[in-house]
>>> print(open('data_8.cif').read())   # mmCIF, C-alpha atoms; chains and numbers go by the auth columns
data_entry
#
loop_
_atom_site.group_PDB
_atom_site.id
_atom_site.type_symbol
_atom_site.label_atom_id
_atom_site.label_comp_id
_atom_site.label_asym_id
_atom_site.label_seq_id
_atom_site.Cartn_x
_atom_site.Cartn_y
_atom_site.Cartn_z
_atom_site.B_iso_or_equiv
_atom_site.auth_seq_id
_atom_site.auth_asym_id
ATOM 1 C CA LYS A 1 271.490 129.390 126.166 0.00 1 A
ATOM 2 C CA LEU A 2 271.905 126.548 128.619 0.00 2 A
ATOM 3 C CA ARG A 3 272.304 123.139 127.033 0.00 3 A
ATOM 4 C CA PRO A 4 269.637 120.529 127.848 0.00 4 A
ATOM 5 C CA ASP A 5 270.213 118.908 131.212 0.00 5 A
ATOM 6 C CA THR A 6 271.246 115.305 131.351 0.00 6 A
ATOM 7 C CA GLY A 7 270.096 112.230 133.180 0.00 7 A
ATOM 8 C CA PRO A 8 269.229 108.532 132.965 0.00 8 A
ATOM 9 C CA GLY A 9 266.412 106.887 131.085 0.00 9 A
ATOM 10 C CA MET A 10 266.661 108.461 127.643 0.00 10 A
ATOM 11 C CA GLU A 11 268.792 108.093 124.525 0.00 11 A
ATOM 12 C CA PHE A 12 272.555 107.979 125.203 0.00 12 A
ATOM 13 C CA SER A 13 274.307 111.302 124.582 0.00 13 A
ATOM 14 C CA GLN A 14 277.825 111.433 126.088 0.00 14 A
ATOM 15 C CA TYR A 15 280.188 110.380 128.869 0.00 15 A
ATOM 16 C CA ARG A 16 281.436 112.360 131.840 0.00 16 A
ATOM 17 C CA GLY A 17 283.694 111.588 134.765 0.00 17 A
ATOM 18 C CA TYR A 18 282.178 109.913 137.833 0.00 18 A
ATOM 19 C CA GLU A 19 281.447 112.233 140.766 0.00 19 A
ATOM 20 C CA PRO A 20 280.653 111.261 144.384 0.00 20 A
ATOM 21 C CA GLY A 21 276.913 110.743 144.768 0.00 21 A
ATOM 22 C CA ASP A 22 276.340 109.561 141.174 0.00 22 A
ATOM 23 C CA ASP A 23 274.178 106.490 140.631 0.00 23 A
ATOM 24 C CA LEU A 24 276.569 103.539 140.350 0.00 24 A
ATOM 25 C CA ARG A 25 274.140 101.841 137.985 0.00 25 A
ATOM 26 C CA LEU A 26 275.099 104.424 135.370 0.00 26 A
ATOM 27 C CA LEU A 27 278.806 103.496 135.447 0.00 27 A
ATOM 28 C CA ASP A 28 280.146 102.200 132.132 0.00 28 A
ATOM 29 C CA TRP A 29 282.056 99.085 133.193 0.00 29 A
ATOM 30 C CA LYS A 30 283.505 98.510 129.722 0.00 30 A
ATOM 31 C CA MET A 31 285.070 101.973 129.755 0.00 31 A
ATOM 32 C CA LEU A 32 286.436 101.225 133.221 0.00 32 A
ATOM 33 C CA ALA A 33 288.005 98.013 131.961 0.00 33 A
ATOM 34 C CA ARG A 34 289.554 99.726 128.946 0.00 34 A
ATOM 35 C CA SER A 35 290.778 102.931 130.568 0.00 35 A
ATOM 36 C CA GLY A 36 290.914 102.248 134.290 0.00 36 A
ATOM 37 C CA ARG A 37 288.795 105.367 134.848 0.00 37 A
ATOM 38 C CA TYR A 38 285.210 105.758 136.008 0.00 38 A
ATOM 39 C CA TYR A 39 282.740 107.225 133.476 0.00 39 A
ATOM 40 C CA ILE A 40 279.021 107.913 133.694 0.00 40 A
ATOM 41 C CA LYS A 41 276.688 107.541 130.714 0.00 41 A
ATOM 42 C CA GLN A 42 274.655 110.688 130.232 0.00 42 A
ATOM 43 C CA SER A 43 271.446 111.141 128.279 0.00 43 A
ATOM 44 C CA GLU A 44 269.487 114.273 127.416 0.00 44 A
ATOM 45 C CA VAL A 45 266.358 115.124 129.383 0.00 45 A
ATOM 46 C CA GLU A 46 264.021 118.074 129.088 0.00 46 A
ATOM 47 C CA SER A 47 265.138 121.098 131.104 0.00 47 A
ATOM 48 C CA HIS A 48 262.273 123.534 130.572 0.00 48 A
ATOM 49 C CA VAL A 49 260.704 125.081 133.659 0.00 49 A
ATOM 50 C CA THR A 50 257.427 126.872 134.420 0.00 50 A
ATOM 51 C CA VAL A 51 258.329 130.244 135.962 0.00 51 A
ATOM 52 C CA LYS A 52 255.800 132.562 137.605 0.00 52 A
ATOM 53 C CA PHE A 53 256.485 136.117 138.739 0.00 53 A
ATOM 54 C CA ILE A 54 254.155 137.646 141.337 0.00 54 A
ATOM 55 C CA VAL A 55 254.440 141.395 141.932 0.00 55 A
ATOM 56 C CA ASP A 56 253.171 143.169 145.044 0.00 56 A
ATOM 57 C CA ALA A 57 251.217 146.129 143.598 0.00 57 A
ATOM 58 C CA SER A 58 250.016 147.563 146.917 0.00 58 A
ATOM 59 C CA ALA A 59 250.581 151.262 147.623 0.00 59 A
ATOM 60 C CA SER A 60 253.742 150.767 149.715 0.00 60 A
ATOM 61 C CA MET A 61 255.541 149.812 146.484 0.00 61 A
ATOM 62 C CA GLU A 62 255.187 153.475 145.432 0.00 62 A
ATOM 63 C CA HIS A 63 258.075 154.351 147.748 0.00 63 A
ATOM 64 C CA GLU A 64 260.618 156.177 145.606 0.00 64 A
ATOM 65 C CA GLU A 65 264.332 156.799 145.954 0.00 65 A
ATOM 66 C CA ASN A 66 266.694 158.489 143.490 0.00 66 A
ATOM 67 C CA GLY A 67 263.878 158.800 140.971 0.00 67 A
ATOM 68 C CA ILE A 68 262.828 155.128 140.935 0.00 68 A
ATOM 69 C CA SER A 69 260.031 153.442 142.876 0.00 69 A
ATOM 70 C CA LYS A 70 260.007 149.940 144.292 0.00 70 A
ATOM 71 C CA LEU A 71 257.445 148.955 141.666 0.00 71 A
ATOM 72 C CA GLU A 72 259.661 150.264 138.862 0.00 72 A
ATOM 73 C CA PHE A 73 262.590 148.342 140.317 0.00 73 A
ATOM 74 C CA ALA A 74 260.407 145.218 140.456 0.00 74 A
ATOM 75 C CA ARG A 75 259.443 145.776 136.806 0.00 75 A
ATOM 76 C CA ILE A 76 263.119 145.875 135.813 0.00 76 A
ATOM 77 C CA MET A 77 263.869 142.693 137.754 0.00 77 A
ATOM 78 C CA VAL A 78 260.927 140.813 136.234 0.00 78 A
ATOM 79 C CA ALA A 79 261.823 142.017 132.722 0.00 79 A
ATOM 80 C CA CYS A 80 265.414 140.784 133.098 0.00 80 A
ATOM 81 C CA LEU A 81 264.587 137.459 134.742 0.00 81 A
ATOM 82 C CA SER A 82 261.655 136.669 132.445 0.00 82 A
ATOM 83 C CA TYR A 83 263.816 137.409 129.394 0.00 83 A
ATOM 84 C CA LEU A 84 266.428 135.003 130.707 0.00 84 A
ATOM 85 C CA ALA A 85 263.758 132.365 131.358 0.00 85 A
ATOM 86 C CA GLN A 86 262.202 132.842 127.922 0.00 86 A
ATOM 87 C CA LYS A 87 265.584 132.377 126.267 0.00 87 A
ATOM 88 C CA GLN A 88 265.871 129.026 128.056 0.00 88 A
ATOM 89 C CA GLY A 89 262.571 127.947 126.523 0.00 89 A
ATOM 90 C CA ASP A 90 260.739 128.194 129.853 0.00 90 A
ATOM 91 C CA SER A 91 257.032 128.976 130.198 0.00 91 A
ATOM 92 C CA VAL A 92 256.731 132.374 131.871 0.00 92 A
ATOM 93 C CA GLY A 93 253.733 133.895 133.685 0.00 93 A
ATOM 94 C CA LEU A 94 253.047 137.188 135.458 0.00 94 A
ATOM 95 C CA PHE A 95 250.682 138.084 138.306 0.00 95 A
ATOM 96 C CA ALA A 96 250.281 141.468 140.031 0.00 96 A
ATOM 97 C CA LEU A 97 247.977 142.109 142.979 0.00 97 A
ATOM 98 C CA ASN A 98 246.474 144.770 145.174 0.00 98 A
ATOM 99 C CA GLU A 99 243.047 145.130 146.797 0.00 99 A
ATOM 100 C CA ASP A 100 241.489 146.450 143.563 0.00 100 A
ATOM 101 C CA ASP A 101 243.421 144.816 140.702 0.00 101 A
ATOM 102 C CA PHE A 102 244.433 141.290 139.796 0.00 102 A
ATOM 103 C CA VAL A 103 246.684 140.884 136.743 0.00 103 A
ATOM 104 C CA SER A 104 247.033 137.299 135.563 0.00 104 A
ATOM 105 C CA ILE A 105 249.134 136.229 132.569 0.00 105 A
ATOM 106 C CA TYR A 106 249.310 132.444 132.618 0.00 106 A
ATOM 107 C CA PRO A 107 252.600 130.796 131.634 0.00 107 A
ATOM 108 C CA LYS A 108 253.439 130.072 128.012 0.00 108 A
ATOM 109 C CA ALA A 109 256.730 129.763 126.169 0.00 109 A
ATOM 110 C CA ASP A 110 256.219 131.539 122.823 0.00 110 A
ATOM 111 C CA GLN A 111 257.514 134.981 121.795 0.00 111 A
ATOM 112 C CA LYS A 112 254.066 136.530 121.245 0.00 112 A
ATOM 113 C CA HIS A 113 253.088 135.625 124.804 0.00 113 A
ATOM 114 C CA PHE A 114 256.337 137.067 126.145 0.00 114 A
ATOM 115 C CA ASN A 115 255.713 140.366 124.349 0.00 115 A
ATOM 116 C CA ARG A 116 252.251 140.537 125.948 0.00 116 A
ATOM 117 C CA LEU A 117 253.769 139.817 129.359 0.00 117 A
ATOM 118 C CA LEU A 118 256.181 142.747 128.988 0.00 118 A
ATOM 119 C CA LEU A 119 253.314 145.029 127.933 0.00 119 A
ATOM 120 C CA GLU A 120 251.228 144.060 130.979 0.00 120 A
ATOM 121 C CA LEU A 121 254.284 144.501 133.175 0.00 121 A
ATOM 122 C CA LEU A 122 254.499 148.147 132.094 0.00 122 A
ATOM 123 C CA LYS A 123 250.803 148.694 132.857 0.00 123 A
ATOM 124 C CA ILE A 124 250.955 147.549 136.490 0.00 124 A
ATOM 125 C CA SER A 125 250.047 150.335 138.911 0.00 125 A
ATOM 126 C CA THR A 126 250.005 150.489 142.692 0.00 126 A
ATOM 127 C CA LYS A 127 246.931 151.058 144.821 0.00 127 A
ATOM 128 C CA GLY A 128 245.653 150.376 148.316 0.00 128 A
ATOM 129 C CA LYS A 129 246.574 147.375 150.408 0.00 129 A
ATOM 130 C CA TRP A 130 247.379 143.742 149.756 0.00 130 A
ATOM 131 C CA PRO A 131 244.177 141.705 149.169 0.00 131 A
ATOM 132 C CA ASP A 132 242.844 139.091 151.565 0.00 132 A
ATOM 133 C CA LEU A 133 244.252 135.579 151.342 0.00 133 A
ATOM 134 C CA SER A 134 241.392 134.010 149.378 0.00 134 A
ATOM 135 C CA THR A 135 241.589 136.711 146.702 0.00 135 A
ATOM 136 C CA ALA A 136 245.390 136.687 146.580 0.00 136 A
ATOM 137 C CA SER A 137 245.695 132.919 146.251 0.00 137 A
ATOM 138 C CA ARG A 138 243.075 132.284 143.591 0.00 138 A
ATOM 139 C CA ARG A 139 244.185 131.085 140.177 0.00 139 A
ATOM 140 C CA ILE A 140 247.862 131.753 140.819 0.00 140 A
ATOM 141 C CA HIS A 141 249.403 128.300 140.852 0.00 141 A
ATOM 142 C CA ASN A 142 248.692 124.702 140.074 0.00 142 A
ATOM 143 C CA ARG A 143 249.417 122.675 143.178 0.00 143 A
ATOM 144 C CA GLY A 144 250.178 119.585 141.117 0.00 144 A
ATOM 145 C CA GLU A 145 252.685 121.287 138.843 0.00 145 A
ATOM 146 C CA LYS A 146 256.451 121.600 139.132 0.00 146 A
ATOM 147 C CA GLU A 147 257.183 125.315 138.930 0.00 147 A
ATOM 148 C CA LEU A 148 259.454 128.119 140.076 0.00 148 A
ATOM 149 C CA VAL A 149 257.640 131.044 141.740 0.00 149 A
ATOM 150 C CA PHE A 150 259.198 134.454 142.426 0.00 150 A
ATOM 151 C CA PHE A 151 257.353 136.902 144.685 0.00 151 A
ATOM 152 C CA LEU A 152 258.639 140.487 144.461 0.00 152 A
ATOM 153 C CA THR A 153 257.535 142.574 147.446 0.00 153 A
ATOM 154 C CA ASP A 154 258.751 144.974 150.115 0.00 154 A
ATOM 155 C CA MET A 155 257.143 142.672 152.739 0.00 155 A
ATOM 156 C CA TYR A 156 255.288 145.668 154.192 0.00 156 A
ATOM 157 C CA GLU A 157 252.305 144.096 155.953 0.00 157 A
ATOM 158 C CA ASN A 158 249.811 145.302 158.522 0.00 158 A
ATOM 159 C CA VAL A 159 249.539 141.953 160.272 0.00 159 A
ATOM 160 C CA SER A 160 250.737 138.824 158.450 0.00 160 A
ATOM 161 C CA GLU A 161 248.871 138.982 155.119 0.00 161 A
ATOM 162 C CA LEU A 162 251.998 138.700 152.942 0.00 162 A
ATOM 163 C CA SER A 163 253.569 135.998 155.106 0.00 163 A
ATOM 164 C CA ASP A 164 250.332 133.985 154.984 0.00 164 A
ATOM 165 C CA PHE A 165 250.173 134.388 151.216 0.00 165 A
ATOM 166 C CA VAL A 166 253.726 133.095 150.767 0.00 166 A
ATOM 167 C CA LYS A 167 253.051 130.152 153.069 0.00 167 A
ATOM 168 C CA ASN A 168 250.007 129.252 150.978 0.00 168 A
ATOM 169 C CA LEU A 169 252.059 129.397 147.765 0.00 169 A
ATOM 170 C CA LYS A 170 254.466 126.657 148.808 0.00 170 A
ATOM 171 C CA THR A 171 253.758 123.094 147.702 0.00 171 A
ATOM 172 C CA ALA A 172 255.726 119.863 147.744 0.00 172 A
ATOM 173 C CA LYS A 173 256.546 120.231 144.044 0.00 173 A
ATOM 174 C CA ASN A 174 257.375 123.897 143.539 0.00 174 A
ATOM 175 C CA GLU A 175 260.172 126.240 144.587 0.00 175 A
ATOM 176 C CA VAL A 176 259.091 129.607 146.001 0.00 176 A
ATOM 177 C CA VAL A 177 261.507 132.533 146.229 0.00 177 A
ATOM 178 C CA VAL A 178 260.715 135.813 148.007 0.00 178 A
ATOM 179 C CA LEU A 179 262.650 138.795 146.654 0.00 179 A
ATOM 180 C CA GLN A 180 262.275 141.575 149.219 0.00 180 A
ATOM 181 C CA ILE A 181 262.919 144.982 147.639 0.00 181 A
ATOM 182 C CA MET A 182 264.247 147.711 149.941 0.00 182 A
ATOM 183 C CA ALA A 183 265.518 151.225 149.253 0.00 183 A
ATOM 184 C CA GLY A 184 268.997 152.210 150.392 0.00 184 A
ATOM 185 C CA GLY A 185 267.595 154.913 152.671 0.00 185 A
ATOM 186 C CA GLU A 186 265.319 152.374 154.358 0.00 186 A
ATOM 187 C CA MET A 187 268.264 150.064 154.973 0.00 187 A
ATOM 188 C CA ASP A 188 270.730 152.714 156.194 0.00 188 A
ATOM 189 C CA PHE A 189 268.274 155.280 157.676 0.00 189 A
ATOM 190 C CA ASP A 190 270.354 157.895 155.893 0.00 190 A
ATOM 191 C CA TYR A 191 268.043 160.915 156.164 0.00 191 A
ATOM 192 C CA LYS A 192 268.293 164.543 157.287 0.00 192 A
ATOM 193 C CA LYS A 193 268.086 165.473 160.963 0.00 193 A
ATOM 194 C CA SER A 194 264.294 165.521 160.964 0.00 194 A
ATOM 195 C CA VAL A 195 262.022 163.674 158.527 0.00 195 A
ATOM 196 C CA THR A 196 258.300 162.978 158.239 0.00 196 A
ATOM 197 C CA PHE A 197 257.307 159.447 157.228 0.00 197 A
ATOM 198 C CA GLU A 198 253.967 158.666 155.623 0.00 198 A
ATOM 199 C CA ASP A 199 252.328 155.257 155.495 0.00 199 A
ATOM 200 C CA LEU A 200 251.430 154.993 151.807 0.00 200 A
ATOM 201 C CA GLU A 201 248.640 152.514 152.521 0.00 201 A
ATOM 202 C CA THR A 202 246.924 154.207 155.484 0.00 202 A
ATOM 203 C CA GLY A 203 247.993 157.843 155.097 0.00 203 A
ATOM 204 C CA ALA A 204 249.292 158.015 158.688 0.00 204 A
ATOM 205 C CA LYS A 205 252.217 160.407 159.205 0.00 205 A
ATOM 206 C CA VAL A 206 254.889 160.617 161.890 0.00 206 A
ATOM 207 C CA LYS A 207 257.750 163.099 162.356 0.00 207 A
ATOM 208 C CA VAL A 208 261.044 161.526 163.435 0.00 208 A
ATOM 209 C CA ASP A 209 264.294 162.904 164.871 0.00 209 A
ATOM 210 C CA VAL A 210 266.774 160.876 162.823 0.00 210 A
ATOM 211 C CA ASN A 211 269.673 161.107 165.290 0.00 211 A
ATOM 212 C CA LYS A 212 267.556 159.779 168.147 0.00 212 A
ATOM 213 C CA ALA A 213 265.772 157.077 166.170 0.00 213 A
ATOM 214 C CA LYS A 214 268.558 155.698 163.967 0.00 214 A
ATOM 215 C CA VAL A 215 270.094 153.153 166.361 0.00 215 A
ATOM 216 C CA ALA A 216 266.736 151.743 167.474 0.00 216 A
ATOM 217 C CA TYR A 217 265.449 151.669 163.876 0.00 217 A
ATOM 218 C CA LEU A 218 268.460 149.783 162.502 0.00 218 A
ATOM 219 C CA LYS A 219 268.266 147.252 165.326 0.00 219 A
ATOM 220 C CA ALA A 220 264.533 146.701 164.781 0.00 220 A
ATOM 221 C CA LEU A 221 265.064 146.398 161.013 0.00 221 A
ATOM 222 C CA GLU A 222 267.779 143.778 161.437 0.00 222 A
ATOM 223 C CA GLU A 223 265.565 141.780 163.788 0.00 223 A
ATOM 224 C CA LYS A 224 262.615 141.984 161.393 0.00 224 A
ATOM 225 C CA VAL A 225 264.657 140.905 158.366 0.00 225 A
ATOM 226 C CA ASN A 226 266.161 137.969 160.276 0.00 226 A
ATOM 227 C CA GLN A 227 262.729 136.976 161.600 0.00 227 A
ATOM 228 C CA THR A 228 261.237 137.066 158.080 0.00 228 A
ATOM 229 C CA LYS A 229 264.113 135.057 156.653 0.00 229 A
ATOM 230 C CA GLU A 230 263.959 132.393 159.365 0.00 230 A
ATOM 231 C CA GLN A 231 260.179 132.108 159.130 0.00 231 A
ATOM 232 C CA LEU A 232 260.245 131.632 155.349 0.00 232 A
ATOM 233 C CA LEU A 233 263.144 129.188 155.439 0.00 233 A
ATOM 234 C CA SER A 234 261.294 127.095 158.028 0.00 234 A
ATOM 235 C CA GLN A 235 258.468 126.794 155.476 0.00 235 A
ATOM 236 C CA GLY A 236 260.799 125.717 152.689 0.00 236 A
ATOM 237 C CA VAL A 237 260.687 129.155 151.027 0.00 237 A
ATOM 238 C CA HIS A 238 263.884 130.838 149.821 0.00 238 A
ATOM 239 C CA TYR A 239 264.433 134.472 150.791 0.00 239 A
ATOM 240 C CA HIS A 240 266.678 137.181 149.346 0.00 240 A
ATOM 241 C CA LEU A 241 266.809 140.877 150.167 0.00 241 A
ATOM 242 C CA PHE A 242 267.640 143.254 147.294 0.00 242 A
ATOM 243 C CA ARG A 243 268.654 146.855 147.791 0.00 243 A
ATOM 244 C CA MET A 244 267.553 149.151 144.990 0.00 244 A
ATOM 245 C CA ASP A 245 271.056 150.668 144.851 0.00 245 A
ATOM 246 C CA ASN A 246 272.759 147.315 144.243 0.00 246 A
ATOM 247 C CA ASP A 247 273.727 145.530 141.011 0.00 247 A
ATOM 248 C CA LEU A 248 270.995 143.510 139.289 0.00 248 A
ATOM 249 C CA GLY A 249 273.592 140.908 138.309 0.00 249 A
ATOM 250 C CA ASP A 250 273.016 139.245 141.684 0.00 250 A
ATOM 251 C CA ALA A 251 269.373 138.661 140.732 0.00 251 A
ATOM 252 C CA LEU A 252 270.371 136.973 137.463 0.00 252 A
ATOM 253 C CA GLN A 253 272.759 134.641 139.265 0.00 253 A
ATOM 254 C CA LEU A 254 270.057 133.871 141.811 0.00 254 A
ATOM 255 C CA PHE A 255 267.578 132.994 139.059 0.00 255 A
ATOM 256 C CA LEU A 256 269.978 130.521 137.434 0.00 256 A
ATOM 257 C CA LYS A 257 270.741 128.940 140.815 0.00 257 A
ATOM 258 C CA GLU A 258 267.062 128.532 141.734 0.00 258 A
ATOM 259 C CA ARG A 259 266.232 127.222 138.257 0.00 259 A
ATOM 260 C CA ILE A 260 268.861 124.500 138.506 0.00 260 A
ATOM 261 C CA ARG A 261 267.527 123.569 141.966 0.00 261 A
ATOM 262 C CA LEU A 262 264.113 122.794 140.455 0.00 262 A
ATOM 263 C CA LEU A 263 265.412 120.561 137.640 0.00 263 A
#
>>> encode(input="data_8.cif", output="structure tokens")
Amino acid sequence: KLRPDTGPGMEFSQYRGYEPGDDLRLLDWKMLARSGRYYIKQSEVESHVTVKFIVDASASMEHEENGISKLEFARIMVACLSYLAQKQGDSVGLFALNEDDFVSIYPKADQKHFNRLLLELLKISTKGKWPDLSTASRRIHNRGEKELVFFLTDMYENVSELSDFVKNLKTAKNEVVVLQIMAGGEMDFDYKKSVTFEDLETGAKVKVDVNKAKVAYLKALEEKVNQTKEQLLSQGVHYHLFRMDNDLGDALQLFLKERIRLL
């Protein structure tokens, strides 16, 4: 477990060496006189965070590869990250949305609440499209609260409904992180010579000659990913793309990094 963070304004705890950018008012001049070295007085401050996980439960998250769907991958990520948050003493909440369902587990820090969160996480099912903005944004976050928000989605949108939702999530006080989940086949276009694709949300189907389409597809995908990343970053939202065939350790490191950023 991480130790409590440290800072000024509370009971003295320990010394550490001065680092560039530290507040000079915290220098211990007596220690400087005695040792000739610069030391900063540290004091313990609370380091608990409110963490909210939002899962895209629209039908496109049914896409499956190697026996696991995007939703199942999202479940695993949320289970791992929420466990890590709970062990830090953080308040953890879960939301899952599609046009028919709205799961809302508001953040708390106790074990009983965490067990309920994991149970609801297992119950999430995919259906239909992403809801309209007013439905998607209701009751999800407190605009006056300091919190860390993770949105797990494949960013499959008909127009800009997911992008608009993310933009609406961001406030001056919170940190919002989009975790885009993509299958390896989607990223590499590694399919047989001819394949039929089906839009899981509209039912539309199209047959594709892989050899002819691969170069154009990969170029369009790269442009779309870069466009999404730049758009979100311009709004102060952090963006990370996760392949379903990659190690989840990267997600754990990301969580710790984003958590520290909020403190």
>>> resolve_selection(input="data_8.cif", expression="the PyMOL selection byres ((chain A and resi 251) around 10)", output="VMD selection string")
chain A and resid 77 to 78 80 to 81 179 240 242 246 to 250 252 to 257
>>> resolve_selection(input="data_8.cif", expression="the PyMOL selection byres ((chain A and resi 188-201) around 10)", output="JSON, numbers by chain")
{"A": [58, 59, 60, 61, 62, 63, 127, 128, 129, 130, 156, 157, 158, 183, 184, 185, 186, 187, 202, 203, 204, 205, 206, 207, 208, 209, 210, 211, 212, 213, 214, 215, 217, 218, 221]}
>>> resolve_selection(input="data_8.cif", expression="the PyMOL selection byres ((chain A and resi 110) around 12)", output="list in words")
Tyr83, Ala85, Gln86, Lys87, Gln88, Gly89, Asp90, Ser91, Val92, Gly93, Pro107, Lys108, Ala109, Gln111, Lys112, His113, Phe114, Asn115, Arg116 and Leu117 of chain A
>>> closest_residue(input="data_8.cif", among="A:Trp29, A:Phe95, A:Phe73, A:Phe53", to="Phe150 (chain A)", atoms="all atoms listed in the file")
A:Phe53
>>> atom_distance(input="data_8.cif", atom1="CA of Leu233 (chain A)", atom2="CA of Lys167 (chain A)")
10.4 Å
>>> closest_residue(input="data_8.cif", among="A:Lys70, A:Arg261, A:Lys170, A:Lys219", to="Leu152 (chain A)", atoms="all atoms listed in the file")
A:Lys70
